[in-house]
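Taking it in order: structure first as structure tokens, then the write-up.
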Amino acid sequence: MTKTRLFHSNANGLIEHDHNRDGIDRRGFLKCMAWAGTGALCLIEGGVLKSFALGTRNASQVQSHEVAGRLTFVQISDSHMGFNKPANPDVIGTLKAAVDKINALPQRPEFILHTGDISHLSSPDEFDTVDQILTATHTPIFFVPGEHDVLNDDGKTFRERYAKNSKGAGWYSFDKNGVHFIGLVNVMNLKAGGLGTLGNEQLEWLRDDVKHLPSSTPIVVFAHIPLWTIYPEWGWGTEDSAQALSYVKRFGSVTVLNGHIHQTMQKVEGNVTFHTAFSTAFVQPAPGKADGPGPMKVPGDQLRSLLGITDVNYVQGRHALALVDASLA
Amino acid sequence: MRKAWWIVGSSFTFALVMVALLATRPLIAKADETKAPPAEIKVDNFTFGPDTLTVAVNSTVTWVNKDDLPHVIASNDGLFKSKALDTDQTYSYTFSKPGTYAYFCSIHPKMVGKIVVQ
């Protein structure tokens, strides 16, 4: 399953096929993910993946009976505080809308993952503004840097503010409810002509970090630039991600959460689910659908339907984490 | 028929004017020889324009960012590196030795260019 697709359309239906006999109907899974832009809930139930449109009777049933009481967390990304161009002159307003969305979730998240580009220009004022807005979630937040957060001082300011006890350029891991979370940095020391980079020091640390974990441990890897190659022409991939993934492929459930491309996208490869989140700030074009990857102005009434958050639920004993993309609209 | 002759006639006049202009060009160029023309590279839509620029020794090259996102100009070998350039901000570097200088955007490394100094 190496097909990469961006989904905008809406769809309906439950999963009925299980061609690989692994509990996941690939065709159905893609169908499920076709809801990503509008909000959908997908989870494994009794080895069969089921999907429900948010807001339907089924979805609320699932939320109350299947998900509640387990580990729930939220991913936000690419807040680009300081950005003020026509693609979104009010990134403060949309970040506040994301906070409202988080606070309105039926189950309170245990923590939030921010997958980078907190700021637009790495300035302390921008970081201050984001910190102040996110305080209203009353939820711990784990950060990894985007390239916009490490512009002028090799990431020193970022590490001092957001990754004090991290290793190297800001990577770290932690455990929550039996799930092992790994925050990686792939925006430093980039080479001319290349993609995102993890580097040898971080790869060695990762290898050692997971070495002693039993293969049944669910793994969540989060980093800014996608750890799968989405569109190398625009730098949407990471040079040495295959090496990193080789260290976690023995685990039964691996979820890779990224940002950077300002749109939701999903791919499943064996036990690994790759997912990119909405931005809370502005939209970027689908791969290859514009001359370049720059900010895209969309009609004002559509902007909030293309920005959003990702709600993630881990149900113990299940193979995969349930990912729900919810727009700000 | 008359119109056709008029076109030929005006084309001929135009050619004469062009010849006259070209004849005076060396004089203008000579007057400018002491001062290298300003060398500017537009950073636009995630590309350097032009991506290869040839300049004389001691030329100052200026990059101007026309994108809505910041870029950082950095030479591959670490010789020069700008701060993050926001929209319409510029960075200049003076090349004092001949050679080929490859550079890229250090936060969007797919963006590459080179300066040839002769």
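Simple scheme: letters A, B, ... for chains in structure tokens order, numbers from 1 for residues in each chain, numbers from 1 for ligands in the order shown.
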Chain A contacts to chain B at 6 Å (only C-alpha atoms) as a ChimeraX atom specification: /A:147,192-194,235,292
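Using only C-alpha atoms, the contacts of Ser215 of chain A at a cut-off of 8 Å, with sequence neighbours closer than 4 positions omitted, comprise Arg250, Phe251 and Gly252 of chain A.
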Write a file of the just-selected residues containing all heavy atoms, as a compact mmCIF listing (two decimals), in the first residue's frame.
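Below you can see out27.txt, which holds the result:
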```txt
# COMPACT_ATOMS: atom_id res chain seq x y z
N ARG A 250 8.91 -3.25 13.53
CA ARG A 250 8.57 -4.49 14.21
C ARG A 250 7.38 -4.31 15.17
O ARG A 250 6.81 -5.29 15.65
CB ARG A 250 9.77 -5.03 14.97
CG ARG A 250 10.13 -4.25 16.21
CD ARG A 250 11.34 -4.81 16.93
NE ARG A 250 11.85 -3.91 17.93
CZ ARG A 250 11.45 -3.90 19.21
NH1 ARG A 250 10.53 -4.75 19.61
NH2 ARG A 250 11.98 -3.05 20.06
N PHE A 251 7.01 -3.08 15.46
CA PHE A 251 5.91 -2.84 16.40
C PHE A 251 4.56 -3.02 15.70
O PHE A 251 4.40 -2.70 14.53
CB PHE A 251 6.02 -1.43 16.99
CG PHE A 251 7.22 -1.25 17.88
CD1 PHE A 251 8.43 -0.79 17.35
CD2 PHE A 251 7.17 -1.61 19.21
CE1 PHE A 251 9.55 -0.65 18.16
CE2 PHE A 251 8.28 -1.48 20.03
CZ PHE A 251 9.48 -1.00 19.50
N GLY A 252 3.60 -3.53 16.47
CA GLY A 252 2.30 -3.87 15.90
C GLY A 252 1.47 -2.67 15.47
O GLY A 252 0.64 -2.77 14.57
```
Between segment 75-148 of chain A and segment 293-297 of chain A, at 10 Å or less, what are the per-residue closest atom pairs and their distances in Å? Count only C-alpha atoms, order by chain and rising residue number, and return it as a Markdown table.
```
| residue | atom | partner | partner_atom | distance |
| --- | --- | --- | --- | --- |
| A:Lys85 | CA | A:Pro295 | CA | 8.6 |
| A:Pro86 | CA | A:Lys297 | CA | 6.4 |
| A:Ala87 | CA | A:Lys297 | CA | 4.2 |
| A:Asn88 | CA | A:Lys297 | CA | 7.5 |
```
Apply DSSP to the structure's backbone, then extract all residues of segment 69-183 of chain A labelled strand (DSSP E) and return them as number ranges by chain. A: 71-76, 111-114, 141-143, 172-176, 179-183
Segment 261-271 of chain A surroundings by only C-alpha atoms, 6 Å radius, close-in-sequence under 5 positions cut, as a PDB file with N, CA, C and O atoms, in the first residue's frame:
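Output file around-v5.pdb follows:
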```
ATOM      1  N   MET A   1       0.868  -1.196   0.000  1.00  0.00           N
ATOM      2  CA  MET A   1       0.000   0.000   0.000  1.00  0.00           C
ATOM      3  C   MET A   1       0.892   1.230   0.000  1.00  0.00           C
ATOM      4  O   MET A   1       1.300   1.714   1.052  1.00  0.00           O
ATOM      5  N   LEU A   6      -4.689  12.638  -1.790  1.00  0.00           N
ATOM      6  CA  LEU A   6      -5.266  13.701  -0.995  1.00  0.00           C
ATOM      7  C   LEU A   6      -6.779  13.603  -1.170  1.00  0.00           C
ATOM      8  O   LEU A   6      -7.274  13.423  -2.270  1.00  0.00           O
ATOM      9  N   GLY A 252       3.603  -3.527  16.471  1.00  0.00           N
ATOM     10  CA  GLY A 252       2.299  -3.865  15.895  1.00  0.00           C
ATOM     11  C   GLY A 252       1.472  -2.674  15.467  1.00  0.00           C
ATOM     12  O   GLY A 252       0.642  -2.770  14.573  1.00  0.00           O
ATOM     13  N   SER A 253       1.696  -1.534  16.124  1.00  0.00           N
ATOM     14  CA  SER A 253       0.919  -0.333  15.792  1.00  0.00           C
ATOM     15  C   SER A 253       1.830   0.884  15.830  1.00  0.00           C
ATOM     16  O   SER A 253       2.365   1.254  16.870  1.00  0.00           O
ATOM     17  N   THR A 276      -0.966  13.476   8.051  1.00  0.00           N
ATOM     18  CA  THR A 276      -0.576  14.884   8.193  1.00  0.00           C
ATOM     19  C   THR A 276      -1.795  15.689   8.629  1.00  0.00           C
ATOM     20  O   THR A 276      -2.920  15.369   8.253  1.00  0.00           O
ATOM     21  N   ALA A 277      -1.538  16.725   9.419  1.00  0.00           N
ATOM     22  CA  ALA A 277      -2.622  17.503  10.032  1.00  0.00           C
ATOM     23  C   ALA A 277      -2.904  18.783   9.261  1.00  0.00           C
ATOM     24  O   ALA A 277      -2.057  19.289   8.517  1.00  0.00           O
ATOM     25  N   PHE A 278      -4.077  19.308   9.496  1.00  0.00           N
ATOM     26  CA  PHE A 278      -4.405  20.667   9.067  1.00  0.00           C
ATOM     27  C   PHE A 278      -3.427  21.648   9.708  1.00  0.00           C
ATOM     28  O   PHE A 278      -2.864  21.387  10.767  1.00  0.00           O
ATOM     29  N   SER A 279      -3.288  22.814   9.106  1.00  0.00           N
ATOM     30  CA  SER A 279      -2.674  23.965   9.763  1.00  0.00           C
ATOM     31  C   SER A 279      -3.793  24.707  10.505  1.00  0.00           C
ATOM     32  O   SER A 279      -4.960  24.527  10.187  1.00  0.00           O
ATOM     33  N   VAL A 283      -3.729  27.729   4.115  1.00  0.00           N
ATOM     34  CA  VAL A 283      -3.812  26.538   3.274  1.00  0.00           C
ATOM     35  C   VAL A 283      -2.657  26.529   2.284  1.00  0.00           C
ATOM     36  O   VAL A 283      -2.228  27.586   1.811  1.00  0.00           O
ATOM     37  N   GLN A 284      -2.121  25.356   1.998  1.00  0.00           N
ATOM     38  CA  GLN A 284      -1.152  25.223   0.903  1.00  0.00           C
ATOM     39  C   GLN A 284      -1.748  24.304  -0.159  1.00  0.00           C
ATOM     40  O   GLN A 284      -2.614  23.476   0.142  1.00  0.00           O
TER      41      GLN A 284
END
```
Mind checking which residues fall within 8 Å of Ser77 of chain A, counting only C-alpha atoms, ignoring those fewer than 4 positions away in the same chain, and posting them as an MDAnalysis selection string? chainID A and resid 114:118 259:260 277:280 309
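Residues within 8 Å of Ala244 of chain A, counting only C-alpha atoms and excluding same-chain residues fewer than 5 positions away, are Leu203, Leu206 and Arg207 of chain A.
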Non-local contacts of segment 221-230 of chain A (6 Å; only C-alpha atoms; under 2 positions in same chain excluded) as an MDAnalysis selection string: chainID A and resid 115:116 146 181:185 236:238 241 256:260
Write out, as a CSV table (one decimal), in the first residue's frame, the residues just selected, with all heavy atoms.
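Written out: result_38.csv:
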```csv
chain,number,residue,atom,x,y,z
A,115,THR,N,2.9,20.0,16.1
A,115,THR,CA,4.0,19.5,15.2
A,115,THR,C,4.7,20.6,14.4
A,115,THR,O,5.0,20.4,13.3
A,115,THR,CB,3.4,18.4,14.3
A,115,THR,OG1,2.1,18.8,13.8
A,115,THR,CG2,3.3,17.1,15.0
A,116,GLY,N,4.9,21.7,15.1
A,116,GLY,CA,5.8,22.7,14.5
A,116,GLY,C,5.3,23.8,13.7
A,116,GLY,O,4.1,23.8,13.3
A,146,GLY,N,9.2,23.3,13.8
A,146,GLY,CA,9.2,23.4,12.3
A,146,GLY,C,10.3,24.3,11.9
A,146,GLY,O,11.0,25.0,12.7
A,181,PHE,N,5.5,7.6,22.9
A,181,PHE,CA,5.5,8.8,22.0
A,181,PHE,C,7.0,9.2,21.8
A,181,PHE,O,7.8,9.3,22.7
A,181,PHE,CB,4.8,9.9,22.7
A,181,PHE,CG,3.3,9.7,22.7
A,181,PHE,CD1,2.7,8.9,23.7
A,181,PHE,CD2,2.4,10.2,21.7
A,181,PHE,CE1,1.4,8.7,23.8
A,181,PHE,CE2,1.1,10.0,21.8
A,181,PHE,CZ,0.5,9.2,22.8
A,182,ILE,N,7.3,9.5,20.5
A,182,ILE,CA,8.6,9.9,20.1
A,182,ILE,C,8.5,11.2,19.3
A,182,ILE,O,7.9,11.2,18.2
A,182,ILE,CB,9.3,8.8,19.2
A,182,ILE,CG1,9.3,7.5,20.0
A,182,ILE,CG2,10.7,9.3,18.9
A,182,ILE,CD1,9.7,6.3,19.1
A,183,GLY,N,9.1,12.3,19.8
A,183,GLY,CA,9.1,13.6,19.1
A,183,GLY,C,10.5,13.7,18.4
A,183,GLY,O,11.5,13.7,19.0
A,184,LEU,N,10.4,13.9,17.1
A,184,LEU,CA,11.7,14.0,16.3
A,184,LEU,C,11.8,15.4,15.6
A,184,LEU,O,10.8,16.1,15.4
A,184,LEU,CB,11.7,12.9,15.2
A,184,LEU,CG,11.7,11.4,15.6
A,184,LEU,CD1,11.7,10.5,14.4
A,184,LEU,CD2,12.8,11.1,16.6
A,185,VAL,N,13.1,15.7,15.3
A,185,VAL,CA,13.4,17.0,14.7
A,185,VAL,C,14.0,16.7,13.3
A,185,VAL,O,15.0,16.1,13.2
A,185,VAL,CB,14.4,17.8,15.5
A,185,VAL,CG1,14.8,19.1,14.9
A,185,VAL,CG2,13.9,18.0,17.0
A,236,TRP,N,8.6,17.9,0.3
A,236,TRP,CA,7.7,17.3,1.3
A,236,TRP,C,8.0,15.8,1.5
A,236,TRP,O,7.4,14.9,1.0
A,236,TRP,CB,6.2,17.4,0.7
A,236,TRP,CG,5.7,18.8,0.8
A,236,TRP,CD1,6.4,19.9,1.2
A,236,TRP,CD2,4.4,19.3,0.3
A,236,TRP,NE1,5.6,21.1,1.1
A,236,TRP,CE2,4.4,20.7,0.6
A,236,TRP,CE3,3.3,18.7,-0.2
A,236,TRP,CZ2,3.3,21.5,0.3
A,236,TRP,CZ3,2.2,19.5,-0.5
A,236,TRP,CH2,2.2,20.9,-0.3
A,237,GLY,N,9.1,15.7,2.3
A,237,GLY,CA,9.5,14.3,2.6
A,237,GLY,C,10.8,14.5,3.5
A,237,GLY,O,11.3,15.6,3.7
A,238,THR,N,11.3,13.4,4.0
A,238,THR,CA,12.5,13.4,4.8
A,238,THR,C,13.5,12.4,4.3
A,238,THR,O,13.2,11.2,4.1
A,238,THR,CB,12.1,13.0,6.3
A,238,THR,OG1,11.1,14.0,6.8
A,238,THR,CG2,13.3,13.0,7.2
A,241,SER,N,14.1,9.1,6.4
A,241,SER,CA,13.0,8.6,7.2
A,241,SER,C,12.9,7.1,7.1
A,241,SER,O,12.5,6.4,8.1
A,241,SER,CB,11.7,9.2,6.7
A,241,SER,OG,11.5,9.0,5.4
A,256,VAL,N,2.3,7.7,12.6
A,256,VAL,CA,3.3,8.8,12.4
A,256,VAL,C,2.5,10.1,12.1
A,256,VAL,O,1.7,10.1,11.1
A,256,VAL,CB,4.2,8.5,11.2
A,256,VAL,CG1,5.1,9.6,10.9
A,256,VAL,CG2,4.9,7.2,11.4
A,257,LEU,N,2.7,11.1,12.9
A,257,LEU,CA,1.9,12.3,12.8
A,257,LEU,C,2.8,13.5,12.4
A,257,LEU,O,3.9,13.7,13.0
A,257,LEU,CB,1.3,12.7,14.1
A,257,LEU,CG,0.3,11.6,14.7
A,257,LEU,CD1,-0.1,12.1,16.1
A,257,LEU,CD2,-0.8,11.4,13.8
A,258,ASN,N,2.5,14.1,11.3
A,258,ASN,CA,3.3,15.2,10.8
A,258,ASN,C,2.4,16.4,10.5
A,258,ASN,O,1.2,16.4,10.5
A,258,ASN,CB,4.0,14.8,9.5
A,258,ASN,CG,5.0,13.6,9.7
A,258,ASN,OD1,4.8,12.6,9.1
A,258,ASN,ND2,5.9,13.8,10.6
A,259,GLY,N,3.1,17.6,10.2
A,259,GLY,CA,2.4,18.8,9.7
A,259,GLY,C,3.1,19.3,8.4
A,259,GLY,O,3.3,18.5,7.5
A,260,HIS,N,3.4,20.5,8.4
A,260,HIS,CA,4.2,21.1,7.3
A,260,HIS,C,3.5,21.4,6.0
A,260,HIS,O,3.8,22.4,5.3
A,260,HIS,CB,5.5,20.2,7.0
A,260,HIS,CG,6.5,20.8,6.1
A,260,HIS,ND1,7.1,22.0,6.3
A,260,HIS,CD2,7.0,20.4,4.9
A,260,HIS,CE1,8.0,22.3,5.3
A,260,HIS,NE2,7.9,21.3,4.5
```
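Pairwise distance (atom CA of Pro109 of chain A, atom CA of Ala97 of chain A) equals 16.4 Å.
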